[in-house]
Amino acid sequence: MGAREQDAHRADGSRKGRLAPTVAVVGDDRSWDRFAADAREQEAVASRAREGWLRQAAGDDATLSGTLLDLAERGTAVLLTLRSGRRHRVAVWRVASDCIAVRHDDGRVSWLALDAIAVVAGEPGGRALPVSTRRVESEVTLSDVMADLVADQATVALFVADMTDAQRGRLVGGGRDVVRLATAGPAPEVVIAVQALSEVGLVDSG
C-alpha cells in the first residue's frame, strides 16, 4: 500500500473520514463594506457615462425645428440672428414645416423662413437652450402663410434672401410661388418669389 493510501486509513485499518476543506477568511466586515462602496461608486460613474452618451446621441440627432418647437412651448424670449445679420428678440409662437411665426416685444408678428435662421441664443442668465429631436407635425408652409396674407390684402415688409432692406407695400395678388406687392416706390408693383423670402413682417397700415 502506498504512503498516500496509508495516510487515508487509521491504524486499525478503518478508513478515515474526509477532511473538510479549510476556508480562509479574507478581510473583515469593514473590508466588505469598502468593497461594496467602491462597487456602488463605479456603477454610479458608469451610469453617468451612459447618461452622457445618451444625451450626446440625442444631440447628434437634434434639429433646428425641434429646438424651436421646445422654445415655442416655453414661451420665453430668445435672440434670433438671421443669415442677413438682422437680429430679433422674440418669442417663438408657431413652428410650421419651413417657417416660424414669432412675436416681437411690441406685439408685432413676423414669419421667418427656417433656412434664414443662423443663430438661436438664450437670454443672459436664462435657462439653457433645449436640444430637441422632435419633428414638426404641421404641414403649413410659408407659401400658405403668404396666400392668407394676400387674401387679407395685408400691408407687409418683405425681406428677400440676405438683404437687410425691406420691400414695403400692400399685397395685391399672388400665384403658386410668387406674390405681387403694390409699393409707394418708383416701381408701383413688384413680383417677389416666395422661395426667396427670408422674413415677412406685418406693418400697421393705419
# chains A, B, ... in the order shown; residues from 1 in each chain; ligands from 1
$ residues_around --residues "His104 of chain A" --least-positions-apart "2" --cutoff "8 Å" --atoms "only C-alpha atoms" --output "VMD selection string"
chain A and resid 88 to 91 102 106 to 110
$ residues_around --residues "Leu82 of chain A" --least-positions-apart "4" --cutoff "7 Å" --atoms "only C-alpha atoms" --output "JSON, numbers by chain"
{"A": [86, 87, 116, 117, 118, 119]}
$ write_last_selection --atoms "N, CA and C atoms" --output "PDB file, in the first residue's frame"
ATOM      1  N   ARG A  86     -29.554  90.468 -39.584  1.00  0.00           N
ATOM      2  CA  ARG A  86     -30.618  91.067 -38.779  1.00  0.00           C
ATOM      3  C   ARG A  86     -30.855  90.237 -37.533  1.00  0.00           C
ATOM      4  N   ARG A  87     -31.113  90.940 -36.420  1.00  0.00           N
ATOM      5  CA  ARG A  87     -31.312  90.256 -35.140  1.00  0.00           C
ATOM      6  C   ARG A  87     -32.665  90.644 -34.562  1.00  0.00           C
ATOM      7  N   ALA A 116     -33.455  80.822 -43.145  1.00  0.00           N
ATOM      8  CA  ALA A 116     -32.862  82.141 -42.933  1.00  0.00           C
ATOM      9  C   ALA A 116     -32.269  82.290 -41.539  1.00  0.00           C
ATOM     10  N   ILE A 117     -32.579  81.364 -40.631  1.00  0.00           N
ATOM     11  CA  ILE A 117     -32.130  81.473 -39.240  1.00  0.00           C
ATOM     12  C   ILE A 117     -30.726  80.900 -39.112  1.00  0.00           C
ATOM     13  N   ALA A 118     -29.809  81.716 -38.596  1.00  0.00           N
ATOM     14  CA  ALA A 118     -28.412  81.286 -38.450  1.00  0.00           C
ATOM     15  C   ALA A 118     -28.064  80.927 -37.011  1.00  0.00           C
ATOM     16  N   VAL A 119     -28.533  81.731 -36.040  1.00  0.00           N
ATOM     17  CA  VAL A 119     -28.146  81.537 -34.640  1.00  0.00           C
ATOM     18  C   VAL A 119     -29.360  81.730 -33.747  1.00  0.00           C
TER      19      VAL A 119
END
$ select_by_dssp --residues "segment 69-200 of chain A" --states "strand (DSSP E)" --output "ChimeraX atom specification"
/A:77-82,87-95,99-104,109-113,117-121,155-160,167-174,178-182,189-193,197-200
$ closest_residue --among "A:Arg94, A:Arg180, A:Arg103, A:Arg170" --to "Leu69 of chain A" --atoms "only C-alpha atoms"
A:Arg94
$ atom_distance --atom1 "atom CA of Gly173 of chain A" --atom2 "atom CA of Leu149 of chain A"
9.5 Å
$ closest_atom_pairs --of "segment 49-137 of chain A" --to "segment 181-197 of chain A" --cutoff "10 Å" --atoms "only C-alpha atoms" --output "JSON lines"
{"residue": "A:Trp111", "atom": "CA", "partner": "A:Leu197", "partner_atom": "CA", "distance": 9.7}
{"residue": "A:Leu112", "atom": "CA", "partner": "A:Leu197", "partner_atom": "CA", "distance": 8.3}
{"residue": "A:Ala113", "atom": "CA", "partner": "A:Leu197", "partner_atom": "CA", "distance": 7.1}
{"residue": "A:Asp115", "atom": "CA", "partner": "A:Leu197", "partner_atom": "CA", "distance": 9.8}
{"residue": "A:Ala116", "atom": "CA", "partner": "A:Leu197", "partner_atom": "CA", "distance": 8.6}
$ write_last_selection --atoms "N, CA, C and O atoms" --output "short mmCIF file (atom, residue, chain, number, x, y, z; two decimals), in the first residue's frame"
data_model
loop_
_atom_site.label_atom_id
_atom_site.label_comp_id
_atom_site.auth_asym_id
_atom_site.auth_seq_id
_atom_site.Cartn_x
_atom_site.Cartn_y
_atom_site.Cartn_z
N TRP A 111 -43.02 86.34 -39.73
CA TRP A 111 -42.73 84.97 -40.13
C TRP A 111 -41.31 84.92 -40.64
O TRP A 111 -40.90 85.75 -41.46
N LEU A 112 -40.56 83.95 -40.18
CA LEU A 112 -39.16 83.79 -40.59
C LEU A 112 -38.99 82.44 -41.25
O LEU A 112 -39.44 81.41 -40.72
N ALA A 113 -38.34 82.43 -42.40
CA ALA A 113 -38.03 81.15 -43.05
C ALA A 113 -36.98 80.41 -42.22
O ALA A 113 -36.03 81.01 -41.73
N ASP A 115 -34.73 78.42 -43.17
CA ASP A 115 -33.42 78.48 -43.82
C ASP A 115 -32.71 79.81 -43.58
O ASP A 115 -31.49 79.91 -43.81
N ALA A 116 -33.46 80.82 -43.14
CA ALA A 116 -32.86 82.14 -42.93
C ALA A 116 -32.27 82.29 -41.54
O ALA A 116 -31.53 83.24 -41.28
#
$ closest_residue --among "A:Glu199, A:Gly175, A:Ala166, A:Leu71" --to "Arg127 of chain A" --atoms "only C-alpha atoms"
A:Leu71
$ select_by_dssp --residues "segment 69-188 of chain A" --states "alpha helix (DSSP H)" --output "list of chain:residue names"
A:Leu69, A:Asp70, A:Leu71, A:Ala72, A:Glu73, A:Arg74, A:Leu142, A:Ser143, A:Asp144, A:Val145, A:Met146, A:Ala147, A:Asp148, A:Leu149, A:Val150, A:Ala151
$ closest_residue --among "A:Val156, A:Arg134, A:Val179, A:Asp105" --to "Asp61 of chain A" --atoms "only C-alpha atoms"
A:Arg134
$ atom_distance --atom1 "atom CA of Ser97 of chain A" --atom2 "atom CA of Met146 of chain A"
14.0 Å
$ closest_residue --among "A:Gly85, A:Gly66, A:Pro130, A:Gly125" --to "Asp165 of chain A" --atoms "only C-alpha atoms"
A:Gly85
$ residues_around --residues "Ala121 of chain A" --least-positions-apart "2" --cutoff "8 Å" --atoms "only C-alpha atoms" --output "ChimeraX atom specification"
/A:78-80,119,123,129
